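Each remark here refers to the structure printed beneath this line.
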Amino acid sequence: MTRLVLLSGWGVDARIWQPLAPLWPAGVTVETPDWPGYGAQPALEPPSDLEALAWAFADELPRDAVWVGWSLGGLLATTLLGLASTALPPPRGLIQIGMGPRFCHPEGVTQQELGRFRRAFARDPDATLAHFRRWMLRGEASPRDAYRHLLDLLGEGPPPDLATLAAGLQWLAELDNSRLLAEPPCPMRLLSGTDDPLLSATRGQDADRTIDGAGHCPMLSRPDTLVTTLIGLSRECLGSRSAANLEVQT
């Protein structure tokens, strides 16, 4: 049995994973919890406290699963593993989608560009969030169709908490997992779309797998390929963990 926990990114709650729901084969169980401040989950106070986030979210991130973090979800999941707390023991594996050690990169989204985005968000959060959702879909084969699909998924549900969104932008600007990824506490894999507008070319080349014809949101444009690829990567993680355990025992 393979257990996956899918974690969404900035500005979008767990409903973005719905296109994958009918595609999972037997033997794979999938959970899609919402971060605090998204969906029906109450926000933390303050939402930027990573230690509080680790403890509040510990039950949603079981150690017997492979965590799949998309965008900010991947950055946060990796960061939480590096905290000096016992709230989150390492999982059986971690797969990042559209993310690397840190968000900003000179060849991708720069610190200056993110700074302008944060200032725009402070002036008009709703318009800036809508702009971001369009921006992240530019790499899909049909951005308009992907955007309509995203809006259909989100429907009339509750919007993300504004303070949580602001904290997320702070994390995107400041979090850097380079040291942790040099010696990861569990097997890790990086997956990216070949046309991801938020990921630098260098980061794309570092990916363990890529999905052709997809951008930052393969769950909207290539859900079937994403499911197949996630299953393959999760099995790699589980195989790496089993081999490591065998080495320790011998």
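Each chain in the structure tokens gets a letter, A, B, ..., in the order shown, and its residues are numbered from 1; ligands are numbered from 1 in order too.
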Expected answer as a PyMOL selection string: helix (DSSP H, G or I) residues in stretch 34-77 of chain A: chain A and resi 50-60+72-77
Just to be explicit: take each residue in the selection above, keep C-alpha atoms, and write the result as a short mmCIF file (atom, residue, chain, number, x, y, z; two decimals), in the first residue's frame.
```cif
data_model
loop_
_atom_site.label_atom_id
_atom_site.label_comp_id
_atom_site.auth_asym_id
_atom_site.auth_seq_id
_atom_site.Cartn_x
_atom_site.Cartn_y
_atom_site.Cartn_z
CA LEU A 50 6.74 27.85 11.47
CA GLU A 51 7.10 25.96 14.75
CA ALA A 52 3.40 26.50 15.45
CA LEU A 53 2.62 25.35 11.92
CA ALA A 54 4.63 22.15 12.44
CA TRP A 55 2.77 21.27 15.63
CA ALA A 56 -0.64 22.29 14.29
CA PHE A 57 -0.19 20.30 11.09
CA ALA A 58 1.63 17.27 12.52
CA ASP A 59 -1.39 14.95 12.38
CA GLU A 60 -1.89 15.80 8.71
CA LEU A 72 5.02 26.63 -1.67
CA GLY A 73 3.69 23.34 -0.29
CA GLY A 74 6.97 21.67 -1.25
CA LEU A 75 9.05 24.49 0.19
CA LEU A 76 7.11 24.43 3.46
CA ALA A 77 7.15 20.65 3.83
#
```
Within 10 Å of A:Ser178 using only C-alpha atoms, minus same-chain residues under 6 positions, as JSON, numbers by chain: {"A": [100, 101, 102, 184]}
Å distance separating atom CA of A:Asp206 from atom CA of A:Gln112, one decimal place: 23.6 Å
Top pick for closest residue to A:Leu114, considering A:Gln41, A:Ser142, A:Pro159, A:Leu198 and counting only C-alpha atoms: A:Leu198
Closest of A:Gly98, A:Gly213, A:Gly37, A:Gly108 to A:Ser71 - atom-to-atom distances counting only C-alpha atoms: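 The shortest atom-to-atom distance to A:Ser71 comes from A:Gly98.
The smallest atom-to-atom distance between A:Arg144 and any of A:Leu220, A:Leu181, A:Ala173, A:Leu165, using only C-alpha atoms, is found for A:Leu220.
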Atomic distance atom CA of A:Thr79 - atom CA of A:Arg133, expressed in Å with one decimal: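 If I compute the distance from atom CA of A:Thr79 to atom CA of A:Arg133, I get 23.8 Å.
Minimum atom-to-atom distances from A:Leu61, A:Leu230, A:Ala201, A:Val28 to A:His105 were compared using only C-alpha atoms, and the lowest value belongs to A:Ala201.
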Å distance separating atom CA of A:Arg118 from atom CA of A:Thr164, one decimal place: 13.0 Å
Who sits within 6 Å of A:Asp195, only C-alpha atoms, same chain under 2 positions skipped, as a list in words: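 After dropping sequence-adjacent residues, the list is Gly139, Gly193, Ala214 and Gly215 of chain A.
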Suppose we keep all heavy atoms; can you now write the selection as a tab-separated table (two decimals), in the first residue's frame?
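Contents of the output file selection.tsv:
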```tsv
chain	number	residue	atom	x	y	z
A	139	GLY	N	2.38	28.55	-18.48
A	139	GLY	CA	3.14	27.49	-19.12
A	139	GLY	C	2.30	26.30	-19.57
A	139	GLY	O	2.83	25.38	-20.20
A	193	GLY	N	7.28	20.71	-14.54
A	193	GLY	CA	6.79	20.80	-15.91
A	193	GLY	C	7.87	21.44	-16.77
A	193	GLY	O	8.61	22.33	-16.32
A	214	ALA	N	3.71	20.65	-19.85
A	214	ALA	CA	3.07	21.15	-18.62
A	214	ALA	C	3.88	22.31	-18.08
A	214	ALA	O	5.08	22.44	-18.32
A	214	ALA	CB	2.98	20.04	-17.57
A	215	GLY	N	3.19	23.17	-17.32
A	215	GLY	CA	3.85	24.29	-16.67
A	215	GLY	C	3.93	24.07	-15.18
A	215	GLY	O	4.35	23.01	-14.71
```
Exercise: A:Val68 partners within 12 Å, only C-alpha atoms, chain neighbours under 6 positions left out, as a ChimeraX atom specification: /A:3-9,17,30-33,61,74-78,91-99,187-191,226-227,229-231,233-234,237
Would you put the residues from that selection into a file with N, CA and C atoms, as a tab-separated table (two decimals), in the first residue's frame?
```tsv
chain	number	residue	atom	x	y	z
A	3	ARG	N	0.92	5.30	0.48
A	3	ARG	CA	0.14	6.39	1.05
A	3	ARG	C	0.78	7.71	0.66
A	4	LEU	N	0.01	8.57	0.02
A	4	LEU	CA	0.49	9.88	-0.41
A	4	LEU	C	-0.29	10.98	0.30
A	5	VAL	N	0.41	12.04	0.67
A	5	VAL	CA	-0.22	13.24	1.20
A	5	VAL	C	0.13	14.39	0.26
A	6	LEU	N	-0.89	14.97	-0.38
A	6	LEU	CA	-0.69	16.02	-1.38
A	6	LEU	C	-0.90	17.39	-0.74
A	7	LEU	N	0.08	18.27	-0.88
A	7	LEU	CA	0.08	19.57	-0.21
A	7	LEU	C	0.06	20.68	-1.25
A	8	SER	N	-0.92	21.57	-1.14
A	8	SER	CA	-1.09	22.63	-2.15
A	8	SER	C	-0.15	23.80	-1.89
A	9	GLY	N	-0.16	24.76	-2.82
A	9	GLY	CA	0.78	25.87	-2.76
A	9	GLY	C	0.10	27.19	-2.43
A	17	TRP	N	-6.26	19.48	-6.30
A	17	TRP	CA	-5.90	18.09	-6.55
A	17	TRP	C	-7.07	17.25	-7.05
A	30	VAL	N	-4.69	8.34	-0.92
A	30	VAL	CA	-4.30	9.74	-1.11
A	30	VAL	C	-5.07	10.62	-0.14
A	31	GLU	N	-4.36	11.52	0.51
A	31	GLU	CA	-4.96	12.51	1.40
A	31	GLU	C	-4.56	13.90	0.92
A	32	THR	N	-5.49	14.85	1.02
A	32	THR	CA	-5.24	16.21	0.54
A	32	THR	C	-5.65	17.22	1.62
A	33	PRO	N	-4.90	17.31	2.69
A	33	PRO	CA	-5.26	18.25	3.76
A	33	PRO	C	-5.01	19.69	3.34
A	61	LEU	N	0.47	15.19	8.50
A	61	LEU	CA	1.68	14.78	7.79
A	61	LEU	C	2.25	13.53	8.42
A	74	GLY	N	5.71	22.41	-1.28
A	74	GLY	CA	6.97	21.67	-1.25
A	74	GLY	C	8.03	22.39	-0.44
A	75	LEU	N	8.08	23.71	-0.58
A	75	LEU	CA	9.05	24.49	0.19
A	75	LEU	C	8.76	24.38	1.68
A	76	LEU	N	7.48	24.51	2.05
A	76	LEU	CA	7.11	24.43	3.46
A	76	LEU	C	7.35	23.04	4.04
A	77	ALA	N	6.97	22.00	3.32
A	77	ALA	CA	7.15	20.65	3.83
A	77	ALA	C	8.62	20.38	4.10
A	78	THR	N	9.49	20.83	3.20
A	78	THR	CA	10.93	20.64	3.39
A	78	THR	C	11.43	21.43	4.59
A	91	PRO	N	9.17	11.66	6.82
A	91	PRO	CA	8.26	10.72	6.16
A	91	PRO	C	9.05	9.68	5.39
A	92	ARG	N	8.35	8.85	4.65
A	92	ARG	CA	9.01	7.82	3.83
A	92	ARG	C	9.60	8.42	2.57
A	93	GLY	N	9.22	9.62	2.26
A	93	GLY	CA	9.78	10.32	1.11
A	93	GLY	C	9.10	11.66	0.95
A	94	LEU	N	9.74	12.55	0.19
A	94	LEU	CA	9.17	13.86	-0.11
A	94	LEU	C	9.41	14.17	-1.57
A	95	ILE	N	8.34	14.48	-2.27
A	95	ILE	CA	8.42	14.86	-3.69
A	95	ILE	C	8.01	16.31	-3.81
A	96	GLN	N	8.89	17.13	-4.36
A	96	GLN	CA	8.57	18.53	-4.63
A	96	GLN	C	8.13	18.67	-6.08
A	97	ILE	N	7.06	19.42	-6.29
A	97	ILE	CA	6.60	19.74	-7.65
A	97	ILE	C	6.80	21.23	-7.86
A	98	GLY	N	7.58	21.61	-8.86
A	98	GLY	CA	7.75	23.02	-9.20
A	98	GLY	C	8.45	23.84	-8.13
A	99	MET	N	9.39	23.25	-7.44
A	99	MET	CA	10.09	23.96	-6.36
A	99	MET	C	11.49	23.39	-6.25
A	187	PRO	N	14.32	10.20	1.59
A	187	PRO	CA	14.47	10.26	0.13
A	187	PRO	C	13.65	11.41	-0.44
A	188	MET	N	14.25	12.15	-1.36
A	188	MET	CA	13.57	13.30	-1.95
A	188	MET	C	13.70	13.26	-3.47
A	189	ARG	N	12.67	13.74	-4.15
A	189	ARG	CA	12.67	13.82	-5.61
A	189	ARG	C	12.08	15.17	-6.02
A	190	LEU	N	12.54	15.68	-7.16
A	190	LEU	CA	12.03	16.93	-7.72
A	190	LEU	C	11.37	16.65	-9.06
A	191	LEU	N	10.16	17.15	-9.21
A	191	LEU	CA	9.37	17.00	-10.43
A	191	LEU	C	8.99	18.38	-10.93
A	226	LEU	N	0.76	13.15	-14.48
A	226	LEU	CA	1.20	13.49	-13.13
A	226	LEU	C	0.98	12.31	-12.18
A	227	VAL	N	-0.17	11.67	-12.25
A	227	VAL	CA	-0.43	10.52	-11.39
A	227	VAL	C	0.59	9.41	-11.64
A	229	THR	N	3.56	9.63	-12.90
A	229	THR	CA	4.90	10.05	-12.48
A	229	THR	C	5.03	10.06	-10.97
A	230	LEU	N	4.01	10.52	-10.26
A	230	LEU	CA	4.07	10.52	-8.80
A	230	LEU	C	4.16	9.11	-8.24
A	231	ILE	N	3.44	8.18	-8.83
A	231	ILE	CA	3.51	6.79	-8.37
A	231	ILE	C	4.93	6.26	-8.56
A	233	LEU	N	7.79	7.99	-8.78
A	233	LEU	CA	8.71	8.65	-7.86
A	233	LEU	C	8.52	8.19	-6.42
A	234	SER	N	7.26	7.97	-6.04
A	234	SER	CA	7.02	7.50	-4.67
A	234	SER	C	7.60	6.11	-4.47
A	237	CYS	N	11.22	6.51	-3.84
A	237	CYS	CA	11.46	6.93	-2.46
A	237	CYS	C	11.34	5.76	-1.50
```
Long-range neighbours of A:Asp152 as a ChimeraX atom specification, 12 Å cut-off, only C-alpha atoms, 6 positions minimum in chain: /A:15-16,18-19,145-146,220
